[in-house]
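Peer 1: Got a structure here, written out as structure tokens. Questions coming.
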Amino acid sequence: MLLFYFVSCKKEKASSSDSVTNQQAAFMVSTALASNANGLISIKNDIYNYTKNLATNSAGCGVPDISAAARQEPANAAIDYNYAMGYQYILNCTGATKDSLSTNVNYNGSFEATGLTAMNSGTYTITLTGLADPTNYFLNGTYQNSGTYTTTDGSNLAGNYNTSITLNNYTILKSNGNTTGGTADITVSGDVKNKSAFSYSGTLTFKSGGIALLVLGTQKYNVNLTTAEVTPTS
């Protein structure tokens with residue numbers, strides 16, 4: 001059974017049938033982030049797991065390690081998805097010292113959540129640093145995706161959309177891979193077929209406990225980085 005993820009105390013105005021609302025745009029962002037939608041958190045987990053076994057996984061300093069995978073949602077998941085993934089990892093060194101890990105991920109596929117379905121493709125370009133840090137890894141880089149969407153929350157919108165995320169010192173614990181901090185700059189834009197364009201920009205602040213604070217325009221939301229649930233907050 002799919003779960004409904006838009007949580008609000010008041011309904012949007014009737015104009016929501018002509019344009020993507022701030023909260024609908026926030027949900028587009030949350031699906032680009034959440035692990036249950038194969039978002040950024042899933043890629044963070046891939047990078048973390050690769051780095052934890054760097055001695056075994058790495059092809060050597062400066063040598064690309066290329067692989068591919070197919071990824072689908074687990075049984076009884078709340079969000080259905082199906083993606084083809086391509087990975088390239090490069091270990092960067094100065095002499096014999098391991099400095100950082102560069103990761104490029106390309107994907108294409110689709111997802112279906114209550115309230116929103118999409119077909120999309122995207123690219124992650126991320127550098128992991130902190131290999132010598134005793135406590136944390138740090139991720140910096142960009143994530144771009146684009147595709148077509150259809151809302152299934154009663155507003156009956158469809159069109160094209162793009163999401164851009166720039167990570168700033170996104171921090172994860174070496175001990176377990178959990179998120180502990182960092183920020184991101186967010187832009188989500190697109191159009192409603194035969195109607196209007198939309199564009200929202202904002203910031204994301206990663207917190208512990210699997211939550212991030214999304215400020216999109218003048219609105220604030222708590223984003224569950226596992227489920228993609230979006231909850232308005234003050």
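Please note that chains go A, B, ... in the order of the structure tokens, that every chain numbers its residues from 1, and that ligands are numbered from 1 in the order shown.
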Could you pull the residues within 6 Å of range 156-160 of chain A, counting only C-alpha atoms, minus those fewer than 4 positions along the same chain, as a VMD selection string?

Peer 2: chain A and resid 147 to 151 190 to 193

Peer 1: Output all heavy atoms for every residue in the selection just made, as a compact mmCIF listing (two decimals), in the first residue's frame.

Peer 2:
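Result written to selection-v2.txt:
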# COMPACT_ATOMS: atom_id res chain seq x y z
N GLY A 147 13.17 15.28 -15.87
CA GLY A 147 12.26 14.29 -16.40
C GLY A 147 10.86 14.84 -16.54
O GLY A 147 10.64 16.05 -16.58
N THR A 148 9.91 13.93 -16.59
CA THR A 148 8.50 14.29 -16.67
C THR A 148 7.79 13.80 -15.43
O THR A 148 8.19 12.81 -14.81
CB THR A 148 7.84 13.66 -17.91
OG1 THR A 148 7.97 12.23 -17.84
CG2 THR A 148 8.51 14.16 -19.19
N TYR A 149 6.75 14.52 -15.03
CA TYR A 149 6.03 14.18 -13.80
C TYR A 149 4.53 14.22 -14.05
O TYR A 149 4.05 14.88 -14.97
CB TYR A 149 6.38 15.16 -12.68
CG TYR A 149 5.75 16.52 -12.90
CD1 TYR A 149 4.48 16.82 -12.39
CD2 TYR A 149 6.39 17.49 -13.68
CE1 TYR A 149 3.87 18.05 -12.65
CE2 TYR A 149 5.79 18.71 -13.93
CZ TYR A 149 4.53 18.98 -13.42
OH TYR A 149 3.93 20.18 -13.69
N THR A 150 3.80 13.55 -13.19
CA THR A 150 2.34 13.64 -13.13
C THR A 150 1.95 13.66 -11.66
O THR A 150 2.39 12.81 -10.89
CB THR A 150 1.66 12.45 -13.82
OG1 THR A 150 2.07 12.41 -15.19
CG2 THR A 150 0.14 12.58 -13.75
N THR A 151 1.17 14.63 -11.25
CA THR A 151 0.67 14.63 -9.87
C THR A 151 -0.57 13.76 -9.79
O THR A 151 -1.40 13.73 -10.70
CB THR A 151 0.32 16.05 -9.39
OG1 THR A 151 -0.73 16.59 -10.21
CG2 THR A 151 1.53 16.97 -9.47
N GLY A 190 10.30 23.86 -13.64
CA GLY A 190 9.67 23.08 -14.69
C GLY A 190 8.46 23.79 -15.25
O GLY A 190 8.37 25.02 -15.20
N ASP A 191 7.53 22.99 -15.76
CA ASP A 191 6.33 23.58 -16.34
C ASP A 191 5.15 22.66 -16.13
O ASP A 191 5.30 21.47 -15.82
CB ASP A 191 6.52 23.88 -17.83
CG ASP A 191 6.84 22.64 -18.66
OD1 ASP A 191 6.06 21.66 -18.62
OD2 ASP A 191 7.85 22.64 -19.37
N VAL A 192 3.98 23.23 -16.28
CA VAL A 192 2.73 22.47 -16.34
C VAL A 192 2.27 22.54 -17.78
O VAL A 192 2.14 23.63 -18.35
CB VAL A 192 1.66 23.07 -15.41
CG1 VAL A 192 0.36 22.29 -15.53
CG2 VAL A 192 2.15 23.09 -13.97
N LYS A 193 2.08 21.39 -18.39
CA LYS A 193 1.78 21.33 -19.81
C LYS A 193 0.60 22.23 -20.17
O LYS A 193 -0.46 22.17 -19.55
CB LYS A 193 1.47 19.89 -20.21
CG LYS A 193 1.29 19.68 -21.71
CD LYS A 193 1.09 18.22 -22.04
CE LYS A 193 0.91 18.02 -23.55
NZ LYS A 193 0.70 16.59 -23.88

Peer 1: Using DSSP on the backbone coordinates, identify the residues of range 31-73 of chain A assigned to helix (DSSP H, G or I); present them as number ranges by chain.

Peer 2: A: 31-33, 35-37, 40-52, 54-57

Peer 1: Keeping only N, CA, C and O atoms, take the residues you just selected and write them out as a PDB file, in the first residue's frame.

Peer 2:
ATOM      1  N   THR A  31      11.606  13.551  -2.890  1.00  0.00           N
ATOM      2  CA  THR A  31      11.806  12.281  -3.600  1.00  0.00           C
ATOM      3  C   THR A  31      13.198  12.211  -4.224  1.00  0.00           C
ATOM      4  O   THR A  31      13.710  11.114  -4.459  1.00  0.00           O
ATOM      5  N   ALA A  32      13.811  13.369  -4.488  1.00  0.00           N
ATOM      6  CA  ALA A  32      15.191  13.379  -4.974  1.00  0.00           C
ATOM      7  C   ALA A  32      16.184  13.084  -3.856  1.00  0.00           C
ATOM      8  O   ALA A  32      17.341  12.764  -4.119  1.00  0.00           O
ATOM      9  N   LEU A  33      15.722  13.184  -2.611  1.00  0.00           N
ATOM     10  CA  LEU A  33      16.580  12.977  -1.453  1.00  0.00           C
ATOM     11  C   LEU A  33      16.413  11.606  -0.800  1.00  0.00           C
ATOM     12  O   LEU A  33      17.396  10.977  -0.404  1.00  0.00           O
ATOM     13  N   SER A  35      15.849   7.870   0.668  1.00  0.00           N
ATOM     14  CA  SER A  35      16.332   6.540   0.305  1.00  0.00           C
ATOM     15  C   SER A  35      15.219   5.654  -0.236  1.00  0.00           C
ATOM     16  O   SER A  35      15.450   4.813  -1.115  1.00  0.00           O
ATOM     17  N   ASN A  36      13.987   5.818   0.246  1.00  0.00           N
ATOM     18  CA  ASN A  36      12.871   5.003  -0.234  1.00  0.00           C
ATOM     19  C   ASN A  36      12.471   5.321  -1.670  1.00  0.00           C
ATOM     20  O   ASN A  36      11.688   4.582  -2.273  1.00  0.00           O
ATOM     21  N   ALA A  37      13.009   6.428  -2.225  1.00  0.00           N
ATOM     22  CA  ALA A  37      12.767   6.770  -3.628  1.00  0.00           C
ATOM     23  C   ALA A  37      14.056   6.674  -4.442  1.00  0.00           C
ATOM     24  O   ALA A  37      14.135   7.189  -5.546  1.00  0.00           O
ATOM     25  N   LEU A  40      19.202  10.827  -3.064  1.00  0.00           N
ATOM     26  CA  LEU A  40      20.557  11.151  -2.623  1.00  0.00           C
ATOM     27  C   LEU A  40      21.034  10.273  -1.480  1.00  0.00           C
ATOM     28  O   LEU A  40      22.211   9.872  -1.442  1.00  0.00           O
ATOM     29  N   ILE A  41      20.158   9.962  -0.537  1.00  0.00           N
ATOM     30  CA  ILE A  41      20.583   9.161   0.617  1.00  0.00           C
ATOM     31  C   ILE A  41      21.029   7.774   0.185  1.00  0.00           C
ATOM     32  O   ILE A  41      21.979   7.205   0.750  1.00  0.00           O
ATOM     33  N   SER A  42      20.386   7.208  -0.823  1.00  0.00           N
ATOM     34  CA  SER A  42      20.829   5.911  -1.343  1.00  0.00           C
ATOM     35  C   SER A  42      22.228   6.004  -1.933  1.00  0.00           C
ATOM     36  O   SER A  42      23.063   5.111  -1.745  1.00  0.00           O
ATOM     37  N   ILE A  43      22.497   7.093  -2.662  1.00  0.00           N
ATOM     38  CA  ILE A  43      23.825   7.273  -3.255  1.00  0.00           C
ATOM     39  C   ILE A  43      24.855   7.533  -2.162  1.00  0.00           C
ATOM     40  O   ILE A  43      25.990   7.031  -2.226  1.00  0.00           O
ATOM     41  N   LYS A  44      24.478   8.301  -1.151  1.00  0.00           N
ATOM     42  CA  LYS A  44      25.368   8.498   0.002  1.00  0.00           C
ATOM     43  C   LYS A  44      25.736   7.158   0.622  1.00  0.00           C
ATOM     44  O   LYS A  44      26.904   6.907   0.959  1.00  0.00           O
ATOM     45  N   ASN A  45      24.764   6.276   0.768  1.00  0.00           N
ATOM     46  CA  ASN A  45      25.026   4.955   1.343  1.00  0.00           C
ATOM     47  C   ASN A  45      25.965   4.143   0.458  1.00  0.00           C
ATOM     48  O   ASN A  45      26.849   3.431   0.961  1.00  0.00           O
ATOM     49  N   ASP A  46      25.789   4.239  -0.875  1.00  0.00           N
ATOM     50  CA  ASP A  46      26.689   3.540  -1.795  1.00  0.00           C
ATOM     51  C   ASP A  46      28.126   4.035  -1.628  1.00  0.00           C
ATOM     52  O   ASP A  46      29.074   3.238  -1.577  1.00  0.00           O
ATOM     53  N   ILE A  47      28.288   5.358  -1.570  1.00  0.00           N
ATOM     54  CA  ILE A  47      29.624   5.939  -1.424  1.00  0.00           C
ATOM     55  C   ILE A  47      30.245   5.537  -0.082  1.00  0.00           C
ATOM     56  O   ILE A  47      31.432   5.182  -0.005  1.00  0.00           O
ATOM     57  N   TYR A  48      29.443   5.583   0.962  1.00  0.00           N
ATOM     58  CA  TYR A  48      29.935   5.206   2.295  1.00  0.00           C
ATOM     59  C   TYR A  48      30.401   3.754   2.310  1.00  0.00           C
ATOM     60  O   TYR A  48      31.503   3.445   2.800  1.00  0.00           O
ATOM     61  N   ASN A  49      29.588   2.855   1.786  1.00  0.00           N
ATOM     62  CA  ASN A  49      29.946   1.434   1.795  1.00  0.00           C
ATOM     63  C   ASN A  49      31.190   1.162   0.968  1.00  0.00           C
ATOM     64  O   ASN A  49      32.028   0.321   1.334  1.00  0.00           O
ATOM     65  N   TYR A  50      31.325   1.856  -0.156  1.00  0.00           N
ATOM     66  CA  TYR A  50      32.524   1.706  -0.983  1.00  0.00           C
ATOM     67  C   TYR A  50      33.754   2.183  -0.218  1.00  0.00           C
ATOM     68  O   TYR A  50      34.800   1.527  -0.214  1.00  0.00           O
ATOM     69  N   THR A  51      33.631   3.320   0.459  1.00  0.00           N
ATOM     70  CA  THR A  51      34.770   3.905   1.166  1.00  0.00           C
ATOM     71  C   THR A  51      35.183   3.072   2.370  1.00  0.00           C
ATOM     72  O   THR A  51      36.377   2.952   2.685  1.00  0.00           O
ATOM     73  N   LYS A  52      34.217   2.489   3.062  1.00  0.00           N
ATOM     74  CA  LYS A  52      34.533   1.680   4.235  1.00  0.00           C
ATOM     75  C   LYS A  52      35.407   0.482   3.869  1.00  0.00           C
ATOM     76  O   LYS A  52      36.151  -0.035   4.712  1.00  0.00           O
ATOM     77  N   LEU A  54      37.629   0.519   1.179  1.00  0.00           N
ATOM     78  CA  LEU A  54      38.386   1.137   0.098  1.00  0.00           C
ATOM     79  C   LEU A  54      39.567   0.274  -0.337  1.00  0.00           C
ATOM     80  O   LEU A  54      39.876   0.178  -1.531  1.00  0.00           O
ATOM     81  N   ALA A  55      40.235  -0.342   0.615  1.00  0.00           N
ATOM     82  CA  ALA A  55      41.409  -1.147   0.277  1.00  0.00           C
ATOM     83  C   ALA A  55      41.050  -2.292  -0.665  1.00  0.00           C
ATOM     84  O   ALA A  55      41.824  -2.650  -1.558  1.00  0.00           O
ATOM     85  N   THR A  56      39.852  -2.842  -0.475  1.00  0.00           N
ATOM     86  CA  THR A  56      39.400  -3.945  -1.328  1.00  0.00           C
ATOM     87  C   THR A  56      38.734  -3.444  -2.595  1.00  0.00           C
ATOM     88  O   THR A  56      38.945  -3.993  -3.687  1.00  0.00           O
ATOM     89  N   ASN A  57      37.933  -2.373  -2.486  1.00  0.00           N
ATOM     90  CA  ASN A  57      37.114  -1.917  -3.613  1.00  0.00           C
ATOM     91  C   ASN A  57      37.889  -1.112  -4.649  1.00  0.00           C
ATOM     92  O   ASN A  57      37.629  -1.210  -5.852  1.00  0.00           O
TER      93      ASN A  57
END

Peer 1: Need the shell around range 207-210 of chain A: protein/DNA/RNA residues with any atom at most 9 Å away, counting only C-alpha atoms. Skip same-chain ones fewer than 4 positions apart. Format as an MDAnalysis selection string?

Peer 2: chainID A and resid 178:182 223:226

Peer 1: Generate the output file for the selected residues, all heavy atoms, as a PDB file, in the first residue's frame.

Peer 2:
ATOM      1  N   ASN A 178      25.666   7.434   9.266  1.00  0.00           N
ATOM      2  CA  ASN A 178      24.517   8.310   9.518  1.00  0.00           C
ATOM      3  C   ASN A 178      24.855   9.769   9.199  1.00  0.00           C
ATOM      4  O   ASN A 178      25.981  10.217   9.383  1.00  0.00           O
ATOM      5  CB  ASN A 178      24.066   8.212  10.978  1.00  0.00           C
ATOM      6  CG  ASN A 178      23.359   6.911  11.271  1.00  0.00           C
ATOM      7  OD1 ASN A 178      22.993   6.168  10.369  1.00  0.00           O
ATOM      8  ND2 ASN A 178      23.173   6.616  12.553  1.00  0.00           N
ATOM      9  N   THR A 179      23.845  10.488   8.750  1.00  0.00           N
ATOM     10  CA  THR A 179      23.989  11.911   8.459  1.00  0.00           C
ATOM     11  C   THR A 179      24.011  12.705   9.763  1.00  0.00           C
ATOM     12  O   THR A 179      23.187  12.483  10.651  1.00  0.00           O
ATOM     13  CB  THR A 179      22.814  12.387   7.589  1.00  0.00           C
ATOM     14  OG1 THR A 179      22.845  11.685   6.346  1.00  0.00           O
ATOM     15  CG2 THR A 179      22.873  13.882   7.341  1.00  0.00           C
ATOM     16  N   THR A 180      24.951  13.667   9.861  1.00  0.00           N
ATOM     17  CA  THR A 180      25.018  14.488  11.070  1.00  0.00           C
ATOM     18  C   THR A 180      24.991  15.981  10.789  1.00  0.00           C
ATOM     19  O   THR A 180      24.793  16.775  11.710  1.00  0.00           O
ATOM     20  CB  THR A 180      26.296  14.178  11.876  1.00  0.00           C
ATOM     21  OG1 THR A 180      27.449  14.441  11.069  1.00  0.00           O
ATOM     22  CG2 THR A 180      26.306  12.727  12.326  1.00  0.00           C
ATOM     23  N   GLY A 181      25.187  16.414   9.556  1.00  0.00           N
ATOM     24  CA  GLY A 181      25.184  17.845   9.290  1.00  0.00           C
ATOM     25  C   GLY A 181      25.464  18.161   7.841  1.00  0.00           C
ATOM     26  O   GLY A 181      25.534  17.278   6.985  1.00  0.00           O
ATOM     27  N   GLY A 182      25.627  19.456   7.573  1.00  0.00           N
ATOM     28  CA  GLY A 182      25.864  19.931   6.218  1.00  0.00           C
ATOM     29  C   GLY A 182      24.658  20.654   5.660  1.00  0.00           C
ATOM     30  O   GLY A 182      23.564  20.637   6.246  1.00  0.00           O
ATOM     31  N   VAL A 223      11.805  17.330   6.139  1.00  0.00           N
ATOM     32  CA  VAL A 223      11.820  16.263   5.149  1.00  0.00           C
ATOM     33  C   VAL A 223      12.370  14.996   5.796  1.00  0.00           C
ATOM     34  O   VAL A 223      13.469  15.005   6.364  1.00  0.00           O
ATOM     35  CB  VAL A 223      12.686  16.639   3.933  1.00  0.00           C
ATOM     36  CG1 VAL A 223      12.795  15.471   2.956  1.00  0.00           C
ATOM     37  CG2 VAL A 223      12.117  17.862   3.236  1.00  0.00           C
ATOM     38  N   ASN A 224      11.606  13.919   5.725  1.00  0.00           N
ATOM     39  CA  ASN A 224      12.073  12.628   6.211  1.00  0.00           C
ATOM     40  C   ASN A 224      12.951  12.013   5.121  1.00  0.00           C
ATOM     41  O   ASN A 224      12.469  11.724   4.022  1.00  0.00           O
ATOM     42  CB  ASN A 224      10.887  11.726   6.538  1.00  0.00           C
ATOM     43  CG  ASN A 224      11.314  10.441   7.205  1.00  0.00           C
ATOM     44  OD1 ASN A 224      12.136   9.702   6.687  1.00  0.00           O
ATOM     45  ND2 ASN A 224      10.721  10.142   8.358  1.00  0.00           N
ATOM     46  N   LEU A 225      14.229  11.822   5.412  1.00  0.00           N
ATOM     47  CA  LEU A 225      15.181  11.385   4.403  1.00  0.00           C
ATOM     48  C   LEU A 225      15.084   9.895   4.093  1.00  0.00           C
ATOM     49  O   LEU A 225      15.775   9.405   3.198  1.00  0.00           O
ATOM     50  CB  LEU A 225      16.604  11.736   4.847  1.00  0.00           C
ATOM     51  CG  LEU A 225      16.880  13.242   4.971  1.00  0.00           C
ATOM     52  CD1 LEU A 225      18.271  13.480   5.534  1.00  0.00           C
ATOM     53  CD2 LEU A 225      16.709  13.943   3.632  1.00  0.00           C
ATOM     54  N   THR A 226      14.215   9.199   4.791  1.00  0.00           N
ATOM     55  CA  THR A 226      13.931   7.803   4.467  1.00  0.00           C
ATOM     56  C   THR A 226      12.652   7.692   3.650  1.00  0.00           C
ATOM     57  O   THR A 226      12.643   7.120   2.552  1.00  0.00           O
ATOM     58  CB  THR A 226      13.811   6.950   5.728  1.00  0.00           C
ATOM     59  OG1 THR A 226      15.035   6.994   6.461  1.00  0.00           O
ATOM     60  CG2 THR A 226      13.497   5.496   5.387  1.00  0.00           C
TER      61      THR A 226
END

Peer 1: Taking only C-alpha atoms into account, which of A:Gly62, A:Asp18, A:Leu173, A:Ala212 comes nearest Val230 in chain A?

Peer 2: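 Between A:Gly62, A:Asp18, A:Leu173, A:Ala212, the residue approaching Val230 in chain A most closely is A:Ala212.
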
Peer 1: So, counting only C-alpha atoms, which residue among A:Gln72, A:Ser30, A:Gln24, A:Asn106 is closest to Met85 in chain A?

Peer 2: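 The shortest atom-to-atom distance to Met85 in chain A comes from A:Asn106.
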